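What's in data20.pdb: PDB, C-alpha atoms
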```pdb
ATOM      1  CA  MET J   1      14.023  -6.692 -68.409
ATOM      2  CA  LYS J   2      17.248  -5.405 -69.891
ATOM      3  CA  ILE J   3      17.587  -5.186 -73.673
ATOM      4  CA  ASP J   4      20.273  -7.614 -74.821
ATOM      5  CA  MET J   5      22.392  -7.908 -77.929
ATOM      6  CA  PRO J   6      20.998 -10.431 -80.409
ATOM      7  CA  ARG J   7      23.210 -13.481 -80.894
ATOM      8  CA  LEU J   8      24.375 -13.899 -84.472
ATOM      9  CA  PRO J   9      23.188 -17.217 -85.967
ATOM     10  CA  TYR J  10      26.325 -17.398 -88.139
ATOM     11  CA  ALA J  11      30.091 -16.875 -87.823
ATOM     12  CA  GLU J  12      31.398 -13.306 -88.157
ATOM     13  CA  ASP J  13      32.920 -14.142 -91.562
ATOM     14  CA  ALA J  14      29.978 -16.217 -92.862
ATOM     15  CA  LEU J  15      28.449 -13.400 -94.930
ATOM     16  CA  GLU J  16      31.597 -12.653 -96.937
ATOM     17  CA  PRO J  17      32.060 -11.267 -99.525
ATOM     18  CA  VAL J  18      28.709  -9.429 -99.195
ATOM     19  CA  ILE J  19      29.317  -8.301 -95.613
ATOM     20  CA  SER J  20      32.875  -8.719 -94.380
ATOM     21  CA  LYS J  21      34.009  -9.826 -90.958
ATOM     22  CA  GLN J  22      35.431  -6.323 -90.495
ATOM     23  CA  THR J  23      32.020  -4.779 -91.183
ATOM     24  CA  ILE J  24      30.347  -7.230 -88.778
ATOM     25  CA  ASN J  25      32.917  -6.311 -86.119
ATOM     26  CA  PHE J  26      32.183  -2.598 -86.491
ATOM     27  CA  HIS J  27      28.508  -2.583 -87.454
ATOM     28  CA  TYR J  28      27.280  -5.337 -85.128
ATOM     29  CA  GLY J  29      30.026  -5.290 -82.493
ATOM     30  CA  LYS J  30      30.323  -1.531 -82.068
ATOM     31  CA  HIS J  31      27.366   0.324 -83.633
ATOM     32  CA  LEU J  32      24.632  -2.041 -82.429
ATOM     33  CA  GLN J  33      26.310  -2.589 -79.061
ATOM     34  CA  ASN J  34      26.354   1.188 -78.561
ATOM     35  CA  TYR J  35      22.634   1.481 -79.442
ATOM     36  CA  VAL J  36      21.800  -1.333 -76.977
ATOM     37  CA  ASN J  37      23.928   0.177 -74.207
ATOM     38  CA  THR J  38      22.568   3.683 -74.786
ATOM     39  CA  THR J  39      18.940   2.504 -74.874
ATOM     40  CA  ASN J  40      19.389   0.619 -71.594
ATOM     41  CA  SER J  41      21.047   3.658 -70.014
ATOM     42  CA  LEU J  42      18.369   6.101 -71.203
ATOM     43  CA  VAL J  43      15.383   4.042 -70.007
ATOM     44  CA  GLU J  44      16.871   3.217 -66.615
ATOM     45  CA  GLY J  45      14.677   4.678 -63.888
ATOM     46  CA  THR J  46      11.909   5.710 -66.300
ATOM     47  CA  ALA J  47       8.472   4.285 -67.062
ATOM     48  CA  LEU J  48      10.067   2.560 -70.087
ATOM     49  CA  GLU J  49      12.470   0.508 -67.982
ATOM     50  CA  GLY J  50      11.607  -3.176 -68.251
ATOM     51  CA  LYS J  51       9.741  -2.733 -71.526
ATOM     52  CA  SER J  52      10.712  -4.633 -74.670
ATOM     53  CA  VAL J  53      12.487  -2.725 -77.412
ATOM     54  CA  GLU J  54       9.323  -3.056 -79.526
ATOM     55  CA  GLU J  55       7.224  -1.448 -76.785
ATOM     56  CA  ILE J  56       9.743   1.374 -76.452
ATOM     57  CA  VAL J  57       9.747   2.017 -80.213
ATOM     58  CA  LYS J  58       5.946   2.136 -80.244
ATOM     59  CA  SER J  59       5.595   4.509 -77.295
ATOM     60  CA  ALA J  60       8.723   6.616 -76.744
ATOM     61  CA  PRO J  61       8.501  10.268 -77.738
ATOM     62  CA  GLU J  62      10.761  11.508 -80.527
ATOM     63  CA  GLY J  63      14.268  12.039 -79.241
ATOM     64  CA  PRO J  64      17.245  10.091 -77.917
ATOM     65  CA  VAL J  65      15.306   7.174 -76.388
ATOM     66  CA  TYR J  66      13.272   6.617 -79.543
ATOM     67  CA  ASN J  67      16.311   7.046 -81.808
ATOM     68  CA  ASN J  68      18.441   4.528 -79.914
ATOM     69  CA  ALA J  69      15.629   2.029 -79.371
ATOM     70  CA  GLY J  70      14.681   2.290 -83.055
ATOM     71  CA  GLN J  71      18.222   1.554 -84.125
ATOM     72  CA  THR J  72      18.454  -1.299 -81.611
ATOM     73  CA  LEU J  73      15.323  -2.886 -83.072
ATOM     74  CA  ASN J  74      16.302  -2.173 -86.679
ATOM     75  CA  HIS J  75      19.753  -3.672 -86.299
ATOM     76  CA  SER J  76      18.513  -6.683 -84.348
ATOM     77  CA  LEU J  77      16.060  -7.536 -87.117
ATOM     78  CA  TYR J  78      18.723  -6.789 -89.732
ATOM     79  CA  PHE J  79      21.494  -9.012 -88.388
ATOM     80  CA  LEU J  80      19.166 -11.944 -87.701
ATOM     81  CA  GLN J  81      17.786 -12.025 -91.278
ATOM     82  CA  PHE J  82      21.005 -13.182 -92.959
ATOM     83  CA  MET J  83      22.618 -16.496 -93.834
ATOM     84  CA  PRO J  84      25.722 -17.498 -95.803
ATOM     85  CA  GLN J  85      25.568 -16.627 -99.492
ATOM     86  CA  ALA J  86      23.353 -18.826-101.665
ATOM     87  CA  ASP J  87      22.906 -18.917-105.445
ATOM     88  CA  ASN J  88      19.414 -18.245-106.773
ATOM     89  CA  ASN J  89      18.293 -17.197-103.314
ATOM     90  CA  GLU J  90      14.548 -16.623-103.583
ATOM     91  CA  PRO J  91      11.655 -16.857-101.138
ATOM     92  CA  LYS J  92       9.420 -19.904-101.071
ATOM     93  CA  GLY J  93       6.111 -20.793 -99.469
ATOM     94  CA  ARG J  94       3.957 -18.237 -97.720
ATOM     95  CA  VAL J  95       6.352 -15.299 -98.076
ATOM     96  CA  ALA J  96       6.734 -15.978-101.818
ATOM     97  CA  ASP J  97       2.957 -16.125-102.208
ATOM     98  CA  ALA J  98       2.548 -12.830-100.339
ATOM     99  CA  ILE J  99       5.263 -11.148-102.438
ATOM    100  CA  ASN J 100       3.656 -12.361-105.666
ATOM    101  CA  ALA J 101       0.229 -11.176-104.515
ATOM    102  CA  ALA J 102       1.508  -7.711-103.573
ATOM    103  CA  PHE J 103       4.040  -7.061-106.328
ATOM    104  CA  GLY J 104       3.275  -9.504-109.149
ATOM    105  CA  SER J 105       6.582 -11.366-108.978
ATOM    106  CA  PHE J 106       9.743 -11.661-106.933
ATOM    107  CA  GLY J 107      11.641  -9.841-109.682
ATOM    108  CA  GLU J 108       9.246  -6.888-109.553
ATOM    109  CA  PHE J 109       9.451  -6.823-105.742
ATOM    110  CA  LYS J 110      13.276  -6.846-105.828
ATOM    111  CA  GLU J 111      13.293  -4.005-108.333
ATOM    112  CA  ARG J 112      10.898  -1.867-106.284
ATOM    113  CA  PHE J 113      12.576  -2.625-102.964
ATOM    114  CA  THR J 114      16.059  -1.975-104.346
ATOM    115  CA  LYS J 115      14.869   1.329-105.805
ATOM    116  CA  ALA J 116      13.414   2.337-102.429
ATOM    117  CA  ALA J 117      16.724   1.542-100.723
ATOM    118  CA  ALA J 118      18.858   3.182-103.421
ATOM    119  CA  THR J 119      16.848   6.396-103.582
ATOM    120  CA  LEU J 120      16.484   7.026 -99.853
ATOM    121  CA  PHE J 121      18.222  10.347 -99.332
ATOM    122  CA  GLY J 122      20.807  10.303 -96.584
ATOM    123  CA  SER J 123      20.700   7.639 -93.910
ATOM    124  CA  GLY J 124      17.907   5.238 -93.104
ATOM    125  CA  TRP J 125      16.247   1.961 -93.966
ATOM    126  CA  ALA J 126      14.140   0.289 -96.625
ATOM    127  CA  TRP J 127      11.574  -2.120 -95.182
ATOM    128  CA  LEU J 128       9.234  -4.839 -96.344
ATOM    129  CA  SER J 129       6.379  -4.982 -93.850
ATOM    130  CA  GLN J 130       2.860  -6.284 -93.406
ATOM    131  CA  ASP J 131      -0.040  -3.927 -92.876
ATOM    132  CA  ARG J 132      -2.897  -4.693 -90.493
ATOM    133  CA  ASP J 133      -4.659  -6.713 -93.225
ATOM    134  CA  GLY J 134      -1.566  -8.831 -93.872
ATOM    135  CA  ARG J 135      -0.689  -7.149 -97.184
ATOM    136  CA  LEU J 136       2.958  -6.463 -97.916
ATOM    137  CA  VAL J 137       4.208  -2.906 -98.321
ATOM    138  CA  ILE J 138       7.594  -1.291 -98.960
ATOM    139  CA  THR J 139       8.530   1.792 -96.962
ATOM    140  CA  GLN J 140      11.482   4.125 -96.657
ATOM    141  CA  GLU J 141      12.288   5.039 -93.076
ATOM    142  CA  ALA J 142      14.658   7.915 -92.270
ATOM    143  CA  ASN J 143      17.421   7.595 -89.721
ATOM    144  CA  GLY J 144      16.387   5.065 -87.035
ATOM    145  CA  ASP J 145      12.655   4.957 -87.748
ATOM    146  CA  ASN J 146      10.948   1.572 -87.857
ATOM    147  CA  PRO J 147       7.638   0.698 -89.562
ATOM    148  CA  LEU J 148       6.373  -0.706 -86.255
ATOM    149  CA  ARG J 149       5.822   2.900 -85.192
ATOM    150  CA  GLY J 150       3.267   3.268 -88.010
ATOM    151  CA  GLY J 151       1.373   0.090 -87.113
ATOM    152  CA  LEU J 152       3.179  -2.156 -89.592
ATOM    153  CA  ASN J 153       4.863  -5.499 -88.920
ATOM    154  CA  PRO J 154       8.504  -5.264 -90.118
ATOM    155  CA  LEU J 155       9.683  -8.342 -92.013
ATOM    156  CA  LEU J 156      12.860  -7.412 -93.913
ATOM    157  CA  GLY J 157      15.001  -4.329 -93.436
ATOM    158  CA  ILE J 158      18.014  -3.111 -95.356
ATOM    159  CA  ASP J 159      20.275  -0.594 -93.667
ATOM    160  CA  VAL J 160      21.450   2.146 -96.016
ATOM    161  CA  TRP J 161      23.465   4.088 -93.490
ATOM    162  CA  GLU J 162      26.987   4.197 -94.915
ATOM    163  CA  HIS J 163      28.441   2.230 -91.989
ATOM    164  CA  ALA J 164      26.464  -0.793 -93.228
ATOM    165  CA  TYR J 165      28.399  -1.082 -96.480
ATOM    166  CA  TYR J 166      31.232   1.457 -96.700
ATOM    167  CA  LEU J 167      34.109  -0.828 -95.678
ATOM    168  CA  ASP J 168      33.077  -3.350 -98.344
ATOM    169  CA  PHE J 169      31.567  -1.219-101.111
ATOM    170  CA  GLN J 170      32.760   2.338-100.329
ATOM    171  CA  ASN J 171      30.200   4.738-101.859
ATOM    172  CA  ARG J 172      28.644   2.099-104.149
ATOM    173  CA  ARG J 173      25.317   1.669-102.365
ATOM    174  CA  ALA J 174      23.717   0.156-105.484
ATOM    175  CA  ASP J 175      26.365  -2.603-105.665
ATOM    176  CA  HIS J 176      25.765  -3.439-102.011
ATOM    177  CA  LEU J 177      22.018  -3.634-102.637
ATOM    178  CA  THR J 178      22.525  -5.965-105.605
ATOM    179  CA  ALA J 179      24.764  -8.269-103.558
ATOM    180  CA  ILE J 180      22.674  -8.400-100.392
ATOM    181  CA  TRP J 181      19.875 -10.478-101.966
ATOM    182  CA  SER J 182      22.153 -13.535-101.930
ATOM    183  CA  ILE J 183      22.335 -13.599 -98.105
ATOM    184  CA  ILE J 184      18.681 -13.010 -97.137
ATOM    185  CA  ASN J 185      17.332 -15.857 -95.031
ATOM    186  CA  TRP J 186      13.778 -16.041 -96.367
ATOM    187  CA  GLU J 187      12.749 -18.554 -93.695
ATOM    188  CA  VAL J 188      13.447 -15.895 -91.042
ATOM    189  CA  VAL J 189      11.457 -13.345 -93.048
ATOM    190  CA  GLU J 190       8.530 -15.769 -93.303
ATOM    191  CA  ASP J 191       8.701 -16.551 -89.572
ATOM    192  CA  ARG J 192       8.143 -12.832 -88.887
ATOM    193  CA  MET J 193       4.833 -12.855 -90.801
ATOM    194  CA  LYS J 194       1.609 -12.766 -88.821
TER     195      LYS J 194
END
```
In structure tokens, how does this file's structure come out?
Amino acid sequence: MKIDMPRLPYAEDALEPVISKQTINFHYGKHLQNYVNTTNSLVEGTALEGKSVEEIVKSAPEGPVYNNAGQTLNHSLYFLQFMPQADNNEPKGRVADAINAAFGSFGEFKERFTKAAATLFGSGWAWLSQDRDGRLVITQEANGDNPLRGGLNPLLGIDVWEHAYYLDFQNRRADHLTAIWSIINWEVVEDRMK
């Protein structure tokens, strides 16, 4: 099994003005494509060939294979969790109930998650995940790390590498984080819950 690029469920300009078509072209079309190509190249002829990207992330030793597979998984989850901008975009149903149980309210969750993303030093990801008991947790993951590696089920990831927002927000990471809530597809996030 070869690892493939995820197919975007929206047009390249559908996330504007939060994520521009230009950013999609570079971030999805070039950065992610490079991670996919590199992962496939690195696992060819090894015991990891034919494994899913999730299996590779769980089992690969630290180094180039893990780094590229981690970024392939991270970006695949990232790009598939968006939808065109919506006003008052908040979770409903099971994911809303889980957020309220873990954090008290959606507002409190947003504040804590945004702080985790804003305060991550350097490059990496902020994640909302489920632990083995189904409880929601927020983690900061450096570089290409994914919470799957620590036994968590990743639900929502925000990329805070500069290439994710620099063309649209320059060095204003906090502004990007404020804007991104309007394009989260909470149905996708809920579908990832176990």
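For the pair CA of Arg149 in chain J and CA of Asp131 in chain J, the separation is 11.8 Å.
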Exercise for the section: Point out the residue among J:Ser41, J:His75, J:Ser182, J:Ala69 with the least atom-to-atom distance to Asp87 in chain J, counting all atoms listed in the file. Expected result: J:Ser182
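Taking all atoms listed in the file into account, Gly134 in chain J lies nearest to J:Met193 out of the set J:Leu148, J:Ala60, J:Met193, J:Leu155.
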Handout entry: Expansion of the PyMOL selection byres ((chain J and resi 137-139) around 10) into residues, as a PyMOL selection string
Key = chain J and resi 99+102-103+109+112-113+116-117+120+125-131+134-136+140-142+146-147+152-157
Given the file shown, enumerate the residues that the PyMOL selection byres ((chain J and resi 67) around 12) captures and present them as a PDB file with C-alpha atoms, keeping the file's coordinate frame.
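So the final result, stored in expr00.pdb, reads:
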```
ATOM      1  CA  TYR J  35      22.634   1.481 -79.442  1.00  0.00           C
ATOM      2  CA  VAL J  36      21.800  -1.333 -76.977  1.00  0.00           C
ATOM      3  CA  THR J  38      22.568   3.683 -74.786  1.00  0.00           C
ATOM      4  CA  THR J  39      18.940   2.504 -74.874  1.00  0.00           C
ATOM      5  CA  LEU J  42      18.369   6.101 -71.203  1.00  0.00           C
ATOM      6  CA  VAL J  53      12.487  -2.725 -77.412  1.00  0.00           C
ATOM      7  CA  ILE J  56       9.743   1.374 -76.452  1.00  0.00           C
ATOM      8  CA  VAL J  57       9.747   2.017 -80.213  1.00  0.00           C
ATOM      9  CA  LYS J  58       5.946   2.136 -80.244  1.00  0.00           C
ATOM     10  CA  SER J  59       5.595   4.509 -77.295  1.00  0.00           C
ATOM     11  CA  ALA J  60       8.723   6.616 -76.744  1.00  0.00           C
ATOM     12  CA  PRO J  61       8.501  10.268 -77.738  1.00  0.00           C
ATOM     13  CA  GLU J  62      10.761  11.508 -80.527  1.00  0.00           C
ATOM     14  CA  GLY J  63      14.268  12.039 -79.241  1.00  0.00           C
ATOM     15  CA  PRO J  64      17.245  10.091 -77.917  1.00  0.00           C
ATOM     16  CA  VAL J  65      15.306   7.174 -76.388  1.00  0.00           C
ATOM     17  CA  TYR J  66      13.272   6.617 -79.543  1.00  0.00           C
ATOM     18  CA  ASN J  68      18.441   4.528 -79.914  1.00  0.00           C
ATOM     19  CA  ALA J  69      15.629   2.029 -79.371  1.00  0.00           C
ATOM     20  CA  GLY J  70      14.681   2.290 -83.055  1.00  0.00           C
ATOM     21  CA  GLN J  71      18.222   1.554 -84.125  1.00  0.00           C
ATOM     22  CA  THR J  72      18.454  -1.299 -81.611  1.00  0.00           C
ATOM     23  CA  LEU J  73      15.323  -2.886 -83.072  1.00  0.00           C
ATOM     24  CA  ASN J  74      16.302  -2.173 -86.679  1.00  0.00           C
ATOM     25  CA  GLY J 124      17.907   5.238 -93.104  1.00  0.00           C
ATOM     26  CA  ALA J 142      14.658   7.915 -92.270  1.00  0.00           C
ATOM     27  CA  ASN J 143      17.421   7.595 -89.721  1.00  0.00           C
ATOM     28  CA  GLY J 144      16.387   5.065 -87.035  1.00  0.00           C
ATOM     29  CA  ASP J 145      12.655   4.957 -87.748  1.00  0.00           C
ATOM     30  CA  ASN J 146      10.948   1.572 -87.857  1.00  0.00           C
ATOM     31  CA  ARG J 149       5.822   2.900 -85.192  1.00  0.00           C
TER      32      ARG J 149
END
```
Practice task
Given the file shown, determine the residues that the PyMOL selection byres ((chain J and resi 8-17) around 12) selects; report them as a ChimeraX atom specification.
Solution key: /J:5-7,18-29,75-86,165,167-169,176,179-185,188
Practice task
Figure out the distance between CA of Asn100 in chain J and CA of Ala174 in chain J, please, to one decimal in Å.
Solution key: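 Distance between the two atoms: 23.6 Å.
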Handout entry: Atomic distance CA of Asp191 in chain J - CA of Arg94 in chain J, expressed in Å with one decimal
Key =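 Interatomic distance here is 9.6 Å.
Using all atoms listed in the file, the nearest neighbour of Phe121 in chain J within the list J:Glu90, J:Glu162, J:His31, J:Arg192 is J:Glu162.
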Problem - Selected residue of minimal separation from Ala96 in chain J among J:Ser123, J:Val43, J:Ile3, J:Trp186, counting only C-alpha atoms - result: J:Trp186
File for range 78-113 of chain J (N, CA and C atoms), as a short mmCIF file (atom, residue, chain, number, x, y, z; two decimals), in the first residue's frame:
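Writing done, so here's out_28.cif:
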```
data_model
loop_
_atom_site.label_atom_id
_atom_site.label_comp_id
_atom_site.auth_asym_id
_atom_site.auth_seq_id
_atom_site.Cartn_x
_atom_site.Cartn_y
_atom_site.Cartn_z
N TYR J 78 -5.16 17.57 9.30
CA TYR J 78 -5.34 19.03 9.29
C TYR J 78 -6.19 19.48 8.11
N PHE J 79 -5.81 19.12 6.90
CA PHE J 79 -6.51 19.63 5.73
C PHE J 79 -7.92 19.05 5.59
N LEU J 80 -8.17 17.90 6.15
CA LEU J 80 -9.51 17.30 6.05
C LEU J 80 -10.47 17.80 7.11
N GLN J 81 -10.01 18.61 8.07
CA GLN J 81 -10.87 19.06 9.17
C GLN J 81 -11.49 20.44 8.92
N PHE J 82 -11.34 20.97 7.72
CA PHE J 82 -11.83 22.32 7.44
C PHE J 82 -13.05 22.33 6.53
N MET J 83 -13.75 23.45 6.56
CA MET J 83 -14.89 23.71 5.69
C MET J 83 -14.93 25.22 5.45
N PRO J 84 -15.70 25.68 4.47
CA PRO J 84 -15.81 27.13 4.27
C PRO J 84 -16.27 27.83 5.55
N GLN J 85 -15.85 29.08 5.67
CA GLN J 85 -16.08 29.87 6.88
C GLN J 85 -17.57 29.92 7.25
N ALA J 86 -17.82 29.77 8.55
CA ALA J 86 -19.19 29.83 9.07
C ALA J 86 -19.23 30.71 10.31
N ASP J 87 -20.27 31.53 10.43
CA ASP J 87 -20.45 32.35 11.63
C ASP J 87 -20.88 31.47 12.79
N ASN J 88 -20.48 31.85 13.97
CA ASN J 88 -20.86 31.12 15.19
C ASN J 88 -20.60 29.62 15.05
N ASN J 89 -19.44 29.29 14.54
CA ASN J 89 -19.10 27.90 14.29
C ASN J 89 -18.70 27.22 15.60
N GLU J 90 -19.59 26.40 16.12
CA GLU J 90 -19.34 25.69 17.37
C GLU J 90 -19.72 24.23 17.23
N PRO J 91 -19.07 23.37 18.00
CA PRO J 91 -19.41 21.94 17.94
C PRO J 91 -20.80 21.68 18.50
N LYS J 92 -21.36 20.58 18.04
CA LYS J 92 -22.67 20.13 18.53
C LYS J 92 -22.57 18.64 18.85
N GLY J 93 -23.59 18.11 19.47
CA GLY J 93 -23.67 16.67 19.69
C GLY J 93 -22.59 16.12 20.59
N ARG J 94 -22.11 14.95 20.22
CA ARG J 94 -21.18 14.20 21.06
C ARG J 94 -19.87 14.94 21.33
N VAL J 95 -19.33 15.60 20.30
CA VAL J 95 -18.07 16.32 20.50
C VAL J 95 -18.29 17.52 21.43
N ALA J 96 -19.41 18.19 21.32
CA ALA J 96 -19.71 19.30 22.23
C ALA J 96 -19.84 18.80 23.66
N ASP J 97 -20.52 17.68 23.83
CA ASP J 97 -20.68 17.10 25.18
C ASP J 97 -19.32 16.73 25.78
N ALA J 98 -18.44 16.15 24.96
CA ALA J 98 -17.12 15.75 25.45
C ALA J 98 -16.27 16.98 25.80
N ILE J 99 -16.36 18.03 24.99
CA ILE J 99 -15.63 19.27 25.28
C ILE J 99 -16.14 19.88 26.58
N ASN J 100 -17.44 19.95 26.75
CA ASN J 100 -18.00 20.51 27.98
C ASN J 100 -17.61 19.69 29.20
N ALA J 101 -17.59 18.38 29.06
CA ALA J 101 -17.21 17.52 30.18
C ALA J 101 -15.74 17.71 30.56
N ALA J 102 -14.89 17.88 29.57
CA ALA J 102 -13.44 17.99 29.83
C ALA J 102 -13.00 19.39 30.23
N PHE J 103 -13.65 20.41 29.67
CA PHE J 103 -13.15 21.77 29.85
C PHE J 103 -14.16 22.73 30.47
N GLY J 104 -15.38 22.30 30.67
CA GLY J 104 -16.40 23.14 31.28
C GLY J 104 -17.28 23.86 30.29
N SER J 105 -16.70 24.32 29.19
CA SER J 105 -17.47 25.01 28.15
C SER J 105 -16.63 25.07 26.88
N PHE J 106 -17.29 25.36 25.77
CA PHE J 106 -16.56 25.52 24.52
C PHE J 106 -15.64 26.73 24.61
N GLY J 107 -16.10 27.81 25.22
CA GLY J 107 -15.28 29.00 25.38
C GLY J 107 -14.00 28.73 26.15
N GLU J 108 -14.11 27.97 27.24
CA GLU J 108 -12.93 27.62 28.03
C GLU J 108 -11.99 26.72 27.23
N PHE J 109 -12.55 25.77 26.48
CA PHE J 109 -11.73 24.91 25.62
C PHE J 109 -10.98 25.75 24.59
N LYS J 110 -11.69 26.64 23.89
CA LYS J 110 -11.05 27.48 22.88
C LYS J 110 -9.91 28.29 23.46
N GLU J 111 -10.13 28.84 24.64
CA GLU J 111 -9.10 29.64 25.30
C GLU J 111 -7.87 28.79 25.61
N ARG J 112 -8.08 27.61 26.17
CA ARG J 112 -6.96 26.74 26.53
C ARG J 112 -6.24 26.20 25.30
N PHE J 113 -7.01 25.83 24.29
CA PHE J 113 -6.40 25.29 23.07
C PHE J 113 -5.61 26.38 22.35
#
```
